[in-house]
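Asker: Pasting coords-v9.txt here (compact mmCIF, C-alpha atoms):
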# COMPACT_ATOMS: atom_id res chain seq x y z
CA MET A 13 -16.04 36.81 24.79
CA GLN A 14 -12.73 35.04 24.32
CA MET A 15 -12.85 31.29 23.85
CA ASP A 16 -9.98 28.86 24.08
CA PHE A 17 -9.86 25.96 21.66
CA GLU A 18 -7.83 22.80 21.81
CA LYS A 19 -6.56 21.42 18.53
CA ILE A 20 -7.26 17.68 18.45
CA PHE A 21 -6.52 16.92 14.79
CA GLU A 22 -3.68 18.27 12.71
CA ARG A 23 -1.35 17.49 9.84
CA PRO A 24 1.37 14.94 10.71
CA LYS A 25 4.81 16.51 10.87
CA THR A 26 6.09 14.06 8.27
CA LEU A 27 3.35 15.07 5.81
CA ARG A 28 4.29 18.13 3.78
CA PRO A 29 1.77 21.00 3.55
CA VAL A 30 1.30 20.74 -0.22
CA ALA A 31 -1.70 20.14 -2.46
CA THR A 32 -2.25 16.56 -3.60
CA HIS A 33 -2.27 15.49 -7.25
CA TYR A 34 -4.54 12.52 -6.57
CA CYS A 35 -8.07 12.45 -7.98
CA PRO A 36 -11.04 13.23 -5.70
CA GLY A 37 -12.00 10.09 -3.79
CA CYS A 38 -8.70 8.30 -4.42
CA GLY A 39 -7.38 6.28 -1.49
CA HIS A 40 -3.73 7.09 -2.11
CA GLY A 41 -3.93 10.35 -0.18
CA ILE A 42 -5.35 8.57 2.86
CA ALA A 43 -2.74 5.81 2.66
CA GLY A 44 0.10 8.32 2.42
CA ARG A 45 -1.20 10.19 5.45
CA LEU A 46 -1.40 6.94 7.44
CA VAL A 47 2.24 6.25 6.66
CA ALA A 48 3.15 9.76 7.82
CA GLU A 49 1.16 9.37 11.04
CA VAL A 50 2.87 6.07 11.86
CA ILE A 51 6.32 7.48 11.15
CA ASP A 52 5.56 10.33 13.55
CA GLU A 53 4.16 8.05 16.23
CA LEU A 54 7.15 5.71 16.09
CA ASN A 55 9.51 8.72 16.01
CA VAL A 56 11.53 7.35 13.09
CA SER A 57 11.36 10.23 10.60
CA GLU A 58 15.12 10.80 10.80
CA ARG A 59 15.84 7.23 9.73
CA ALA A 60 12.85 6.42 7.54
CA VAL A 61 13.47 5.78 3.83
CA GLY A 62 10.70 5.25 1.30
CA VAL A 63 10.93 3.70 -2.16
CA ALA A 64 8.27 4.73 -4.69
CA PRO A 65 8.29 3.22 -8.19
CA VAL A 66 6.28 3.91 -11.36
CA GLY A 67 2.51 4.38 -11.10
CA CYS A 68 0.17 6.50 -9.01
CA SER A 69 2.50 5.91 -6.07
CA VAL A 70 5.48 7.53 -7.76
CA LEU A 71 5.01 11.04 -6.40
CA LEU A 72 4.93 10.05 -2.75
CA TYR A 73 8.26 11.82 -2.31
CA ASN A 74 6.39 15.11 -2.85
CA TYR A 75 4.33 14.50 0.26
CA LEU A 76 6.60 12.93 2.88
CA GLU A 77 9.35 14.85 4.67
CA ILE A 78 11.77 11.89 4.63
CA ASP A 79 14.45 10.47 2.37
CA MET A 80 13.00 8.75 -0.72
CA TYR A 81 14.21 6.69 -3.65
CA GLU A 82 12.42 6.48 -6.99
CA ALA A 83 12.73 2.93 -8.34
CA ALA A 84 12.25 1.52 -11.82
CA HIS A 85 8.87 -0.10 -12.47
CA GLY A 86 8.47 -3.10 -10.15
CA ARG A 87 11.94 -2.91 -8.65
CA ALA A 88 11.13 -1.18 -5.38
CA PRO A 89 11.71 -4.29 -3.18
CA ALA A 90 15.15 -4.76 -4.76
CA VAL A 91 16.09 -1.12 -4.14
CA ALA A 92 14.74 -1.31 -0.59
CA THR A 93 16.68 -4.53 0.02
CA GLY A 94 19.95 -2.88 -0.99
CA CYS A 95 19.26 0.15 1.20
CA LYS A 96 18.34 -1.94 4.25
CA ARG A 97 21.31 -4.30 3.92
CA VAL A 98 23.76 -1.42 3.70
CA ARG A 99 22.06 0.53 6.50
CA PRO A 100 20.18 -1.94 8.74
CA ASP A 101 19.52 0.87 11.22
CA LEU A 102 17.12 2.54 8.78
CA VAL A 103 13.37 1.94 8.55
CA VAL A 104 12.86 1.15 4.86
CA PHE A 105 9.53 0.73 3.13
CA THR A 106 8.18 0.49 -0.40
CA TYR A 107 4.95 2.15 -1.53
CA GLN A 108 3.54 0.31 -4.55
CA GLY A 109 0.40 -0.14 -6.63
CA ASP A 110 -1.06 -3.37 -7.94
CA GLY A 111 0.32 -3.06 -11.46
CA ASP A 112 3.78 -2.51 -10.00
CA PHE A 113 3.75 -4.94 -7.07
CA ALA A 114 1.59 -7.76 -8.45
CA SER A 115 2.57 -7.65 -12.13
CA ILE A 116 5.94 -6.43 -13.39
CA GLY A 117 7.42 -6.52 -9.88
CA ILE A 118 5.90 -9.75 -8.59
CA ALA A 119 9.24 -11.58 -8.71
CA GLU A 120 10.89 -8.92 -6.56
CA ALA A 121 7.93 -8.99 -4.17
CA VAL A 122 7.91 -12.76 -3.76
CA HIS A 123 11.65 -13.16 -3.36
CA ALA A 124 12.02 -10.25 -0.94
CA ALA A 125 9.39 -11.92 1.24
CA ALA A 126 10.92 -15.37 0.78
CA ARG A 127 14.32 -14.08 1.88
CA GLY A 128 12.76 -12.43 4.90
CA GLU A 129 14.16 -9.03 4.00
CA LYS A 130 13.59 -6.68 6.90
CA ILE A 131 11.65 -4.14 4.88
CA SER A 132 7.97 -3.18 4.77
CA THR A 133 5.63 -2.79 1.81
CA ILE A 134 2.52 -0.65 1.60
CA PHE A 135 0.62 -2.15 -1.33
CA ILE A 136 -2.28 -0.20 -2.86
CA ASN A 137 -4.80 -2.49 -4.53
CA ASN A 138 -7.37 -0.57 -6.58
CA ALA A 139 -7.93 -3.41 -9.07
CA ILE A 140 -6.77 -1.37 -12.06
CA TYR A 141 -3.84 0.44 -13.66
CA GLY A 142 -4.64 3.94 -12.45
CA MET A 143 -1.95 6.21 -13.90
CA THR A 144 -1.71 4.82 -17.44
CA GLY A 145 -5.34 4.81 -18.49
CA GLY A 146 -7.34 2.25 -16.57
CA GLN A 147 -6.09 -1.01 -18.06
CA MET A 148 -6.72 -4.43 -16.53
CA ALA A 149 -4.39 -5.25 -13.64
CA PRO A 150 -3.46 -8.59 -12.02
CA THR A 151 -5.99 -7.66 -9.31
CA THR A 152 -8.87 -6.73 -11.64
CA LEU A 153 -11.96 -8.71 -10.64
CA ILE A 154 -13.74 -11.22 -12.85
CA GLY A 155 -16.35 -9.31 -14.85
CA GLN A 156 -14.77 -5.93 -14.12
CA LYS A 157 -14.62 -3.64 -17.15
CA THR A 158 -11.41 -1.79 -17.97
CA THR A 159 -9.97 -0.16 -21.07
CA THR A 160 -8.34 -3.47 -22.02
CA SER A 161 -11.27 -5.64 -20.90
CA PRO A 162 -14.23 -3.59 -22.17
CA ILE A 163 -16.69 -6.47 -21.81
CA GLY A 164 -15.29 -7.54 -18.44
CA ARG A 165 -12.38 -9.70 -17.32
CA THR A 166 -12.82 -13.41 -17.92
CA SER A 167 -10.82 -16.21 -16.31
CA GLU A 168 -10.55 -17.99 -19.67
CA ARG A 169 -8.69 -15.12 -21.31
CA ALA A 170 -6.89 -13.46 -18.39
CA GLY A 171 -6.83 -15.93 -15.53
CA PHE A 172 -7.98 -15.12 -12.02
CA PRO A 173 -7.13 -12.06 -9.88
CA ILE A 174 -4.07 -12.54 -7.68
CA ARG A 175 -4.49 -12.38 -3.92
CA MET A 176 -1.10 -11.03 -2.90
CA ALA A 177 -1.67 -11.14 0.86
CA GLU A 178 -2.59 -14.83 0.81
CA LEU A 179 0.28 -15.60 -1.57
CA LEU A 180 2.99 -13.90 0.49
CA ALA A 181 1.64 -15.27 3.77
CA THR A 182 2.72 -18.76 2.68
CA LEU A 183 6.39 -17.75 2.62
CA ASP A 184 8.54 -18.47 5.65
CA GLY A 185 10.38 -15.15 5.42
CA ALA A 186 7.18 -13.14 5.71
CA ALA A 187 6.54 -12.09 9.32
CA TYR A 188 3.50 -9.81 9.09
CA ILE A 189 0.96 -9.79 6.25
CA ALA A 190 -2.39 -7.98 6.42
CA ARG A 191 -5.13 -6.63 4.18
CA VAL A 192 -7.06 -3.50 5.07
CA ALA A 193 -9.18 -0.86 3.32
CA VAL A 194 -9.54 2.94 3.30
CA ASN A 195 -13.11 3.34 2.08
CA SER A 196 -14.67 4.22 5.46
CA PRO A 197 -13.59 5.72 8.80
CA LYS A 198 -13.72 2.40 10.65
CA HIS A 199 -11.57 0.73 8.02
CA ILE A 200 -9.11 3.63 8.00
CA ILE A 201 -8.60 3.25 11.76
CA LYS A 202 -7.84 -0.45 11.31
CA ALA A 203 -5.55 0.31 8.36
CA ARG A 204 -3.47 2.64 10.49
CA ARG A 205 -2.99 -0.07 13.11
CA ALA A 206 -1.83 -2.51 10.44
CA VAL A 207 0.68 -0.05 8.98
CA LYS A 208 2.06 0.53 12.46
CA LYS A 209 2.39 -3.21 13.09
CA ALA A 210 4.22 -3.63 9.79
CA PHE A 211 6.75 -0.96 10.72
CA GLU A 212 7.12 -2.37 14.22
CA THR A 213 7.76 -5.82 12.74
CA GLN A 214 10.63 -4.37 10.75
CA ILE A 215 12.04 -2.35 13.65
CA LYS A 216 12.08 -5.51 15.79
CA GLY A 217 13.97 -7.34 13.03
CA LEU A 218 11.35 -10.07 12.64
CA GLY A 219 11.30 -10.28 8.84
CA TYR A 220 9.36 -9.00 5.86
CA SER A 221 6.06 -7.17 6.38
CA MET A 222 3.35 -6.12 3.94
CA VAL A 223 0.04 -4.30 4.26
CA GLU A 224 -2.33 -4.56 1.29
CA ILE A 225 -4.75 -1.63 1.15
CA LEU A 226 -7.99 -1.85 -0.84
CA SER A 227 -8.37 1.61 -2.31
CA PRO A 228 -11.05 3.34 -4.42
CA CYS A 229 -10.20 4.59 -7.92
CA PRO A 230 -13.25 6.67 -8.90
CA THR A 231 -11.72 8.10 -12.09
CA ASP A 232 -10.81 4.84 -13.79
CA TRP A 233 -13.78 2.97 -12.34
CA ARG A 234 -16.01 5.70 -13.88
CA MET A 235 -17.75 6.26 -10.54
CA THR A 236 -18.35 9.02 -8.05
CA PRO A 237 -16.23 8.86 -4.87
CA ILE A 238 -19.26 7.63 -2.91
CA GLU A 239 -20.00 4.93 -5.47
CA ALA A 240 -16.34 3.87 -5.50
CA ALA A 241 -16.22 3.55 -1.71
CA LYS A 242 -19.32 1.38 -1.85
CA TRP A 243 -17.82 -0.73 -4.65
CA VAL A 244 -14.79 -1.53 -2.47
CA GLU A 245 -17.15 -2.83 0.22
CA GLU A 246 -19.53 -4.74 -2.01
CA LYS A 247 -17.28 -6.05 -4.78
CA MET A 248 -13.64 -6.07 -3.65
CA MET A 249 -13.95 -7.26 -0.06
CA PRO A 250 -15.77 -10.52 -0.87
CA TYR A 251 -12.85 -11.54 -3.11
CA TYR A 252 -10.15 -9.81 -1.06
CA PRO A 253 -11.21 -10.40 2.56
CA LEU A 254 -9.75 -8.10 5.19
CA GLY A 255 -7.65 -9.32 8.08
CA GLU A 256 -4.22 -10.38 9.27
CA PHE A 257 -2.96 -13.38 7.31
CA LYS A 258 0.32 -13.76 9.17
CA VAL A 259 1.59 -12.29 12.43
CA PRO A 260 5.01 -12.62 14.07
CA GLN A 261 5.30 -15.74 16.19
CA LYS A 262 8.32 -14.62 18.16
CA GLU A 263 10.93 -11.92 18.23
CA LYS A 264 14.36 -12.87 16.92
Please express what this file holds, its structure, as structure tokens.
Answerer:
Amino acid sequence: MQMDFEKIFERPKTLRPVATHYCPGCGHGIAGRLVAEVIDELNVSERAVGVAPVGCSVLLYNYLEIDMYEAAHGRAPAVATGCKRVRPDLVVFTYQGDGDFASIGIAEAVHAAARGEKISTIFINNAIYGMTGGQMAPTTLIGQKTTTSPIGRTSERAGFPIRMAELLATLDGAAYIARVAVNSPKHIIKARRAVKKAFETQIKGLGYSMVEILSPCPTDWRMTPIEAAKWVEEKMMPYYPLGEFKVPQKEK
């Protein structure tokens, strides 16, 4: 008996059919797919430009079928600014981790938002330096153990974790700022909506947009993927609450 099947889920056209280098349970693969899905839905693949700097985010250009820059560590917002100012018709975004965006590149991040640059940032917060060995990051939680804080981060020695979404939301040039997570299906659905709103904010010319994504890092957290997903929910979300911290008030 012949049966007809309808395909209801498939690879986004913007996502290349290649194997991922990310560790099992890592949220980067999900985040990259969400970006690809949004690019397809908005039909902007021919004018989308991504900027990926140093860190676990650096190989995004292997996975997206769009034009990409590779920026020096922390300088992705500066590179994206130059691209967007020269070609304002393009849809330009940066894809950055917490060590890149919240540490060495925090000046570029803050000033791009303060200037209201019409670019978007997808910011992966996994509370650790993933690529270079699991060192403490600006987003590492108090008490969290890393290779450079083996007994746990303390506020006395390292200060407090930086909440980038709340920080950037105070700047007048920032139009859309949100924090989401990719540790469960319901959160992934909400994350996709936020990424789409960030890109739409840019396309409408409303100002700077940023989506912070809480992402598991099982390898450097020394956890199983299931344990890491649970840790995002139980440990990260209380300190980094999800939600929209700034939305566009009006179209310019």
Asker: Taking all atoms listed in the file into account, which of A:Gly185, A:Val66, A:Val56, A:Leu226 comes nearest Asp79 (chain A)?
Answerer: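 Looking at the shortest contact to Asp79 (chain A), the residue is A:Val56.
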Asker: Quick one: residues within 10 Å of (-9.5, -4.9, -20.4) (file frame), counting all atoms listed in the file, please, as an MDAnalysis selection string.
Answerer: chainID A and resid 140 146:149 152 155:166 170
Asker: Residues at most 10 Å from Arg97 (chain A), counting only C-alpha atoms, excluding those fewer than 5 positions away in the same chain, as a CSV table (one decimal) with C-alpha atoms, keeping the file's coordinate frame?
Answerer:
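Generated file (around_37.csv):
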chain,number,residue,atom,x,y,z
A,92,ALA,CA,14.7,-1.3,-0.6
A,102,LEU,CA,17.1,2.5,8.8
A,129,GLU,CA,14.2,-9.0,4.0
A,130,LYS,CA,13.6,-6.7,6.9
A,131,ILE,CA,11.6,-4.1,4.9
Asker: Quick one: residues within 7 Å of Ile136 (chain A), only C-alpha atoms, excluding same-chain residues fewer than 5 positions away - as a list in words?
Answerer: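 Returned residues: Gln108, Gly109, Asp110, Glu224, Ile225, Leu226 and Ser227 of chain A.
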Asker: Which is closest to Phe257 (chain A) among A:Cys35, A:Ala177, A:Val207, A:Leu218, if we use only C-alpha atoms?
Answerer: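 Of the candidates, the smallest distance to Phe257 (chain A) is held by A:Ala177.
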Asker: Output region 116-128 of chain A with N, CA and C atoms present, as an mmCIF file, in the coordinates of the input.
Answerer:
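Printed below is result.cif as written:
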data_model
loop_
_atom_site.group_PDB
_atom_site.id
_atom_site.type_symbol
_atom_site.label_atom_id
_atom_site.label_comp_id
_atom_site.auth_asym_id
_atom_site.auth_seq_id
_atom_site.Cartn_x
_atom_site.Cartn_y
_atom_site.Cartn_z
ATOM 1 N N ILE A 116 4.550 -6.485 -12.942
ATOM 2 C CA ILE A 116 5.940 -6.430 -13.390
ATOM 3 C C ILE A 116 6.924 -6.666 -12.253
ATOM 4 N N GLY A 117 6.511 -6.360 -11.011
ATOM 5 C CA GLY A 117 7.420 -6.520 -9.880
ATOM 6 C C GLY A 117 7.115 -7.714 -8.997
ATOM 7 N N ILE A 118 6.308 -8.655 -9.473
ATOM 8 C CA ILE A 118 5.900 -9.750 -8.590
ATOM 9 C C ILE A 118 7.082 -10.633 -8.197
ATOM 10 N N ALA A 119 8.073 -10.773 -9.073
ATOM 11 C CA ALA A 119 9.240 -11.580 -8.710
ATOM 12 C C ALA A 119 10.002 -10.942 -7.563
ATOM 13 N N GLU A 120 10.209 -9.617 -7.645
ATOM 14 C CA GLU A 120 10.890 -8.920 -6.560
ATOM 15 C C GLU A 120 10.103 -9.019 -5.265
ATOM 16 N N ALA A 121 8.777 -8.911 -5.361
ATOM 17 C CA ALA A 121 7.930 -8.990 -4.170
ATOM 18 C C ALA A 121 8.040 -10.352 -3.507
ATOM 19 N N VAL A 122 7.891 -11.401 -4.306
ATOM 20 C CA VAL A 122 7.910 -12.760 -3.760
ATOM 21 C C VAL A 122 9.268 -13.099 -3.162
ATOM 22 N N HIS A 123 10.323 -12.762 -3.853
ATOM 23 C CA HIS A 123 11.650 -13.160 -3.360
ATOM 24 C C HIS A 123 12.118 -12.315 -2.184
ATOM 25 N N ALA A 124 11.701 -11.053 -2.125
ATOM 26 C CA ALA A 124 12.020 -10.250 -0.940
ATOM 27 C C ALA A 124 11.351 -10.856 0.287
ATOM 28 N N ALA A 125 10.096 -11.285 0.128
ATOM 29 C CA ALA A 125 9.390 -11.920 1.240
ATOM 30 C C ALA A 125 9.986 -13.271 1.575
ATOM 31 N N ALA A 126 10.346 -14.037 0.549
ATOM 32 C CA ALA A 126 10.920 -15.370 0.780
ATOM 33 C C ALA A 126 12.254 -15.291 1.508
ATOM 34 N N ARG A 127 13.022 -14.249 1.212
ATOM 35 C CA ARG A 127 14.320 -14.080 1.880
ATOM 36 C C ARG A 127 14.158 -13.499 3.284
ATOM 37 N N GLY A 128 12.978 -13.039 3.595
ATOM 38 C CA GLY A 128 12.760 -12.430 4.900
ATOM 39 C C GLY A 128 13.455 -11.095 5.038
#
